[in-house]
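Participant: What follows is a single structure, and I will ask about it in a moment.
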Amino acid sequence: MKTISFEELLREVMALWTGRNELPDTEHYPRLRGKMDLSLQIAWSREFWRDLMRIERRFFRPNWVNGTSYVQGDEVYDQNSQGYFQCVRATSSQAPTDSGLVENSGYWAACATAYTAANWVSGTSYAIGDQVYYLPTSTFYQCIQATSSVVCTNTSYWGPLTPFDRYIAWEQSGENEIGKLFACRTDNHFVTTNYDDLDAWESYQGIQVRDNVTSCYVFYRQPCPRLKGDSWSATASYAVGDQVYFTPTGDKGNLYDCISSASAGDSPSTDPEKWDQVDIPIDFANFLVWSTYARCLSGDDKTDIKNDAMEMAEEYLSQAIDNARSPDQTPSRSVRTY
């Protein structure tokens, strides 16, 4: 993706607004940055831009990792058996299955969207792995320690079973954050035509998938970056998620997101591993400049100029959309909406 520096955009807006190709002062900078941020959100969401699209294979839960502390209710993907399991007894070393793919029922239960089992009956002998339904709590349980009298609410003997909610979280550890979903498929449509569209939709949790699959290929648009940073200070420390405006020596200024705690003096130049440059697509440049300029205009005597500038901005955005579309564009969108 070709990008344009934040400094260039600021200078072009100032050239239209004041007639001088210069950076805004500290009073006007936050105003321009905020209006440009709004314009970027609009451009980003207007189209499924090919340069901003990604397709990745995703799983619904993180892999089980030896040494990680798991408590009742935690769900993992077991690479050994290629299935999903929920923890029914706290552990940090017990794997969901053994080398023979036999479930470790004293600690884990295979995930299911629904469970079926007989009612718990006092006096019945239950072995590890047995499942029952307990009427008082309307919940299914798995036995984790043999008993014939201990009620299901005793978590030393029973682990509650929660129906498996097959969704891909918007943010998964070690994976790129998902923005807007375009399609969810059984395979990568860039390398094969042998794929099916899955019954998928967006929820507050992430991407919900109705089909009984172990993994899927998610075709999505990257999330839009926010333009929120003030000038970098050599005397300030920064936390993950902070953003700064910084100009490297001999280069143009850009916004940078802090991705690892930065102490005073840790700049994007001296400690680049702690910062991630905010990339702004060059295809949006004309729209961002003209729409930001239009939003900076106020007063009755500037209404016509403001309207003309916004019309110009929309023309530039329409032109960018036309340029992005072609006969070989990506397959049609296949996601349910509610």
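Each chain in the structure tokens gets a letter, A, B and so on, in the order shown; residues start at 1 in every chain, and ligands are counted from 1 in the order they appear.
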Can you list, as a VMD selection string, all residues belonging to region 14-253 of chain A that DSSP tags as helix (DSSP H, G or I)?

Facilitator: chain A and resid 14 to 18 29 to 46 50 to 52 135 to 137

Participant: Just write the chosen residues, C-alpha atoms, as an mmCIF file, in the first residue's frame.

Facilitator:
```
data_model
loop_
_atom_site.group_PDB
_atom_site.id
_atom_site.type_symbol
_atom_site.label_atom_id
_atom_site.label_comp_id
_atom_site.auth_asym_id
_atom_site.auth_seq_id
_atom_site.Cartn_x
_atom_site.Cartn_y
_atom_site.Cartn_z
ATOM 1 C CA MET A 14 -2.814 24.775 5.565
ATOM 2 C CA ALA A 15 -1.976 25.873 2.014
ATOM 3 C CA LEU A 16 -5.682 25.840 1.131
ATOM 4 C CA TRP A 17 -6.794 27.362 4.424
ATOM 5 C CA THR A 18 -4.165 30.072 4.965
ATOM 6 C CA TYR A 29 -2.937 21.419 15.150
ATOM 7 C CA PRO A 30 -5.500 19.533 17.321
ATOM 8 C CA ARG A 31 -8.325 21.047 15.263
ATOM 9 C CA LEU A 32 -6.877 19.897 11.943
ATOM 10 C CA ARG A 33 -5.915 16.494 13.308
ATOM 11 C CA GLY A 34 -9.430 15.888 14.667
ATOM 12 C CA LYS A 35 -11.143 16.879 11.428
ATOM 13 C CA MET A 36 -8.742 14.803 9.375
ATOM 14 C CA ASP A 37 -9.385 11.844 11.667
ATOM 15 C CA LEU A 38 -13.117 12.155 10.934
ATOM 16 C CA SER A 39 -12.446 12.348 7.202
ATOM 17 C CA LEU A 40 -10.209 9.269 7.358
ATOM 18 C CA GLN A 41 -12.966 7.256 9.085
ATOM 19 C CA ILE A 42 -15.368 8.226 6.297
ATOM 20 C CA ALA A 43 -13.009 7.295 3.458
ATOM 21 C CA TRP A 44 -11.918 4.051 5.126
ATOM 22 C CA SER A 45 -15.469 2.764 5.592
ATOM 23 C CA ARG A 46 -16.828 3.883 2.205
ATOM 24 C CA ARG A 50 -8.270 -3.924 -1.922
ATOM 25 C CA ASP A 51 -5.061 -2.629 -0.353
ATOM 26 C CA LEU A 52 -6.721 -2.689 3.061
ATOM 27 C CA LEU A 135 -32.323 -29.425 37.494
ATOM 28 C CA PRO A 136 -31.834 -26.845 40.315
ATOM 29 C CA THR A 137 -29.269 -24.898 38.239
#
```

Participant: Taking 3 positions as the minimum chain separation for residues in the same chain, which residues sit within 12 Å of Asp251 (chain A) when counting only C-alpha atoms? Answer as a list in words.

Facilitator: Ser5, Phe6, Glu7, Glu8, Phe246, Thr247, Pro248, Asn254 and Ser269 of chain A

Participant: Mind writing the picked residues with N, CA and C atoms as a PDB file, in the first residue's frame?

Facilitator:
```pdb
ATOM      1  N   SER A   5       2.682  10.925   4.027  1.00  0.00           N
ATOM      2  CA  SER A   5       3.012  11.335   5.390  1.00  0.00           C
ATOM      3  C   SER A   5       1.949  12.274   5.949  1.00  0.00           C
ATOM      4  N   PHE A   6       1.795  12.244   7.244  1.00  0.00           N
ATOM      5  CA  PHE A   6       0.832  13.116   7.915  1.00  0.00           C
ATOM      6  C   PHE A   6       1.244  14.576   7.743  1.00  0.00           C
ATOM      7  N   GLU A   7       2.552  14.813   7.720  1.00  0.00           N
ATOM      8  CA  GLU A   7       3.047  16.187   7.536  1.00  0.00           C
ATOM      9  C   GLU A   7       2.604  16.767   6.201  1.00  0.00           C
ATOM     10  N   GLU A   8       2.709  15.978   5.131  1.00  0.00           N
ATOM     11  CA  GLU A   8       2.300  16.461   3.814  1.00  0.00           C
ATOM     12  C   GLU A   8       0.825  16.843   3.792  1.00  0.00           C
ATOM     13  N   PHE A 246       5.844  12.742  15.283  1.00  0.00           N
ATOM     14  CA  PHE A 246       7.298  12.797  15.368  1.00  0.00           C
ATOM     15  C   PHE A 246       7.889  12.977  13.981  1.00  0.00           C
ATOM     16  N   THR A 247       8.937  13.804  13.911  1.00  0.00           N
ATOM     17  CA  THR A 247       9.620  14.043  12.640  1.00  0.00           C
ATOM     18  C   THR A 247      11.053  13.526  12.712  1.00  0.00           C
ATOM     19  N   PRO A 248      11.363  12.395  12.064  1.00  0.00           N
ATOM     20  CA  PRO A 248      12.742  11.888  12.053  1.00  0.00           C
ATOM     21  C   PRO A 248      13.659  12.864  11.322  1.00  0.00           C
ATOM     22  N   ASN A 254       5.311  12.071  10.913  1.00  0.00           N
ATOM     23  CA  ASN A 254       4.227  11.099  10.878  1.00  0.00           C
ATOM     24  C   ASN A 254       3.723  10.850  12.290  1.00  0.00           C
ATOM     25  N   SER A 269      12.828   7.072  16.213  1.00  0.00           N
ATOM     26  CA  SER A 269      14.119   6.941  15.525  1.00  0.00           C
ATOM     27  C   SER A 269      15.110   6.127  16.343  1.00  0.00           C
TER      28      SER A 269
END
```

Participant: State, in Å with one decimal place, the distance from CA of Leu101 (chain A) to CA of Thr186 (chain A).

Facilitator: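 Separating CA of Leu101 (chain A) from CA of Thr186 (chain A) is a distance of 24.8 Å.
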
Participant: Report the distance between CA of Glu75 (chain A) and CA of Asp199 (chain A) in Å, rounded to one decimal place.

Facilitator: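 Distance reported for this atom pair: 22.2 Å.
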
Participant: Identify, with DSSP run on backbone atoms, the residues in region 51-122 of chain A assigned to strand (DSSP E or B), and express the list as an NGL selection string.

Facilitator: :A and (53-59 or 63 or 70 or 75-78 or 83-87 or 91 or 97 or 103 or 108-110 or 119)

Participant: If you count only C-alpha atoms, which residues fall within 12 Å of Arg57 (chain A), apart from same-chain ones fewer than 4 positions away, as a list in words?

Facilitator: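 Those residues are Ile168, Glu175, Asn176, Cys184, Arg185, Thr186, Asp187, Asn188, His189, Thr214, Ser215, Cys216, Tyr217, Val218, Phe219 and Tyr220 of chain A.
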
Participant: Work out how far CA of Arg11 (chain A) is from CA of Ile305 (chain A), in Å to one decimal.

Facilitator: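 Computed distance, CA of Ile305 (chain A) to CA of Arg11 (chain A), equals 19.3 Å.
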
Participant: Give me the residues near region 61-65 of chain A as a VMD selection string, where near means some atom within 9 Å (using only C-alpha atoms) and where sequence neighbours in that chain fewer than 4 positions away do not count.

Facilitator: chain A and resid 75 to 79 84 92 to 93 95 to 96 166 to 169 172 to 173

Participant: Each residue of region 159-228 of chain A lying at most 10 Å from region 107-112 of chain A should get a row with its shortest atom-to-atom pair and the distance in Å to one decimal, counting only C-alpha atoms; could you produce that, ordered by chain and increasing number, as CSV?

Facilitator:
```
residue,atom,partner,partner_atom,distance
A:Gly159,CA,A:Tyr107,CA,8.5
A:Pro160,CA,A:Ala109,CA,9.7
A:Leu161,CA,A:Ala109,CA,7.8
A:Thr162,CA,A:Cys111,CA,7.9
A:Pro163,CA,A:Ala112,CA,5.7
A:Phe164,CA,A:Ala112,CA,5.3
A:Asp165,CA,A:Ala112,CA,8.6
A:Arg166,CA,A:Ala112,CA,9.6
A:Asn212,CA,A:Ala112,CA,9.9
```

Participant: Excluding Leu255 (chain A) and residues on its chain fewer than 2 positions from it, collect all residues at most 6 Å away from it, counting only C-alpha atoms, and give them as JSON, numbers by chain.

Facilitator: {"A": [244, 245, 278]}

Participant: Write out as number ranges by chain which residues come within 12 Å of Ser148 (chain A) when counting only C-alpha atoms, dropping same-chain ones fewer than 3 positions away.

Facilitator: A: 120-128, 130, 143, 145, 151-152, 157-158

Participant: Would you mind exporting N, CA and C atoms of the selected residues as an mmCIF file, in the first residue's frame?

Facilitator:
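Output below, filename out_31.cif:
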```cif
data_model
loop_
_atom_site.group_PDB
_atom_site.id
_atom_site.type_symbol
_atom_site.label_atom_id
_atom_site.label_comp_id
_atom_site.auth_asym_id
_atom_site.auth_seq_id
_atom_site.Cartn_x
_atom_site.Cartn_y
_atom_site.Cartn_z
ATOM 1 N N TRP A 120 -29.093 -35.729 37.184
ATOM 2 C CA TRP A 120 -28.290 -36.212 38.323
ATOM 3 C C TRP A 120 -29.221 -36.824 39.346
ATOM 4 N N VAL A 121 -28.819 -37.977 39.893
ATOM 5 C CA VAL A 121 -29.622 -38.663 40.912
ATOM 6 C C VAL A 121 -28.721 -39.012 42.084
ATOM 7 N N SER A 122 -29.069 -38.550 43.249
ATOM 8 C CA SER A 122 -28.278 -38.845 44.444
ATOM 9 C C SER A 122 -28.242 -40.347 44.683
ATOM 10 N N GLY A 123 -27.051 -40.865 45.030
ATOM 11 C CA GLY A 123 -26.886 -42.293 45.280
ATOM 12 C C GLY A 123 -26.389 -43.056 44.081
ATOM 13 N N THR A 124 -26.402 -42.422 42.921
ATOM 14 C CA THR A 124 -25.879 -43.064 41.714
ATOM 15 C C THR A 124 -24.357 -42.916 41.686
ATOM 16 N N SER A 125 -23.671 -43.964 41.324
ATOM 17 C CA SER A 125 -22.207 -43.893 41.236
ATOM 18 C C SER A 125 -21.790 -43.235 39.922
ATOM 19 N N TYR A 126 -21.048 -42.157 40.045
ATOM 20 C CA TYR A 126 -20.579 -41.434 38.865
ATOM 21 C C TYR A 126 -19.050 -41.511 38.786
ATOM 22 N N ALA A 127 -18.550 -41.796 37.609
ATOM 23 C CA ALA A 127 -17.105 -41.880 37.380
ATOM 24 C C ALA A 127 -16.631 -40.623 36.653
ATOM 25 N N ILE A 128 -15.320 -40.429 36.683
ATOM 26 C CA ILE A 128 -14.738 -39.277 35.987
ATOM 27 C C ILE A 128 -15.123 -39.314 34.512
ATOM 28 N N ASP A 130 -18.259 -38.782 33.414
ATOM 29 C CA ASP A 130 -19.721 -38.880 33.298
ATOM 30 C C ASP A 130 -20.336 -37.482 33.274
ATOM 31 N N CYS A 143 -18.378 -35.022 35.632
ATOM 32 C CA CYS A 143 -17.763 -35.499 36.867
ATOM 33 C C CYS A 143 -16.229 -35.459 36.738
ATOM 34 N N GLN A 145 -14.324 -36.063 39.715
ATOM 35 C CA GLN A 145 -13.855 -36.921 40.806
ATOM 36 C C GLN A 145 -15.004 -37.851 41.181
ATOM 37 N N VAL A 151 -23.369 -33.210 45.396
ATOM 38 C CA VAL A 151 -24.204 -32.492 44.420
ATOM 39 C C VAL A 151 -23.332 -31.775 43.394
ATOM 40 N N CYS A 152 -23.949 -31.437 42.267
ATOM 41 C CA CYS A 152 -23.207 -30.897 41.120
ATOM 42 C C CYS A 152 -22.610 -29.512 41.355
ATOM 43 N N TYR A 157 -15.888 -31.770 42.617
ATOM 44 C CA TYR A 157 -16.318 -33.041 42.051
ATOM 45 C C TYR A 157 -16.947 -32.892 40.660
ATOM 46 N N TRP A 158 -17.417 -31.692 40.358
ATOM 47 C CA TRP A 158 -18.130 -31.474 39.101
ATOM 48 C C TRP A 158 -17.646 -30.196 38.411
#
```

Participant: From the list A:Thr91, A:Ser263, A:Gln72, A:Ser99, which residue is nearest Tyr141 (chain A) when using only C-alpha atoms?

Facilitator: A:Gln72
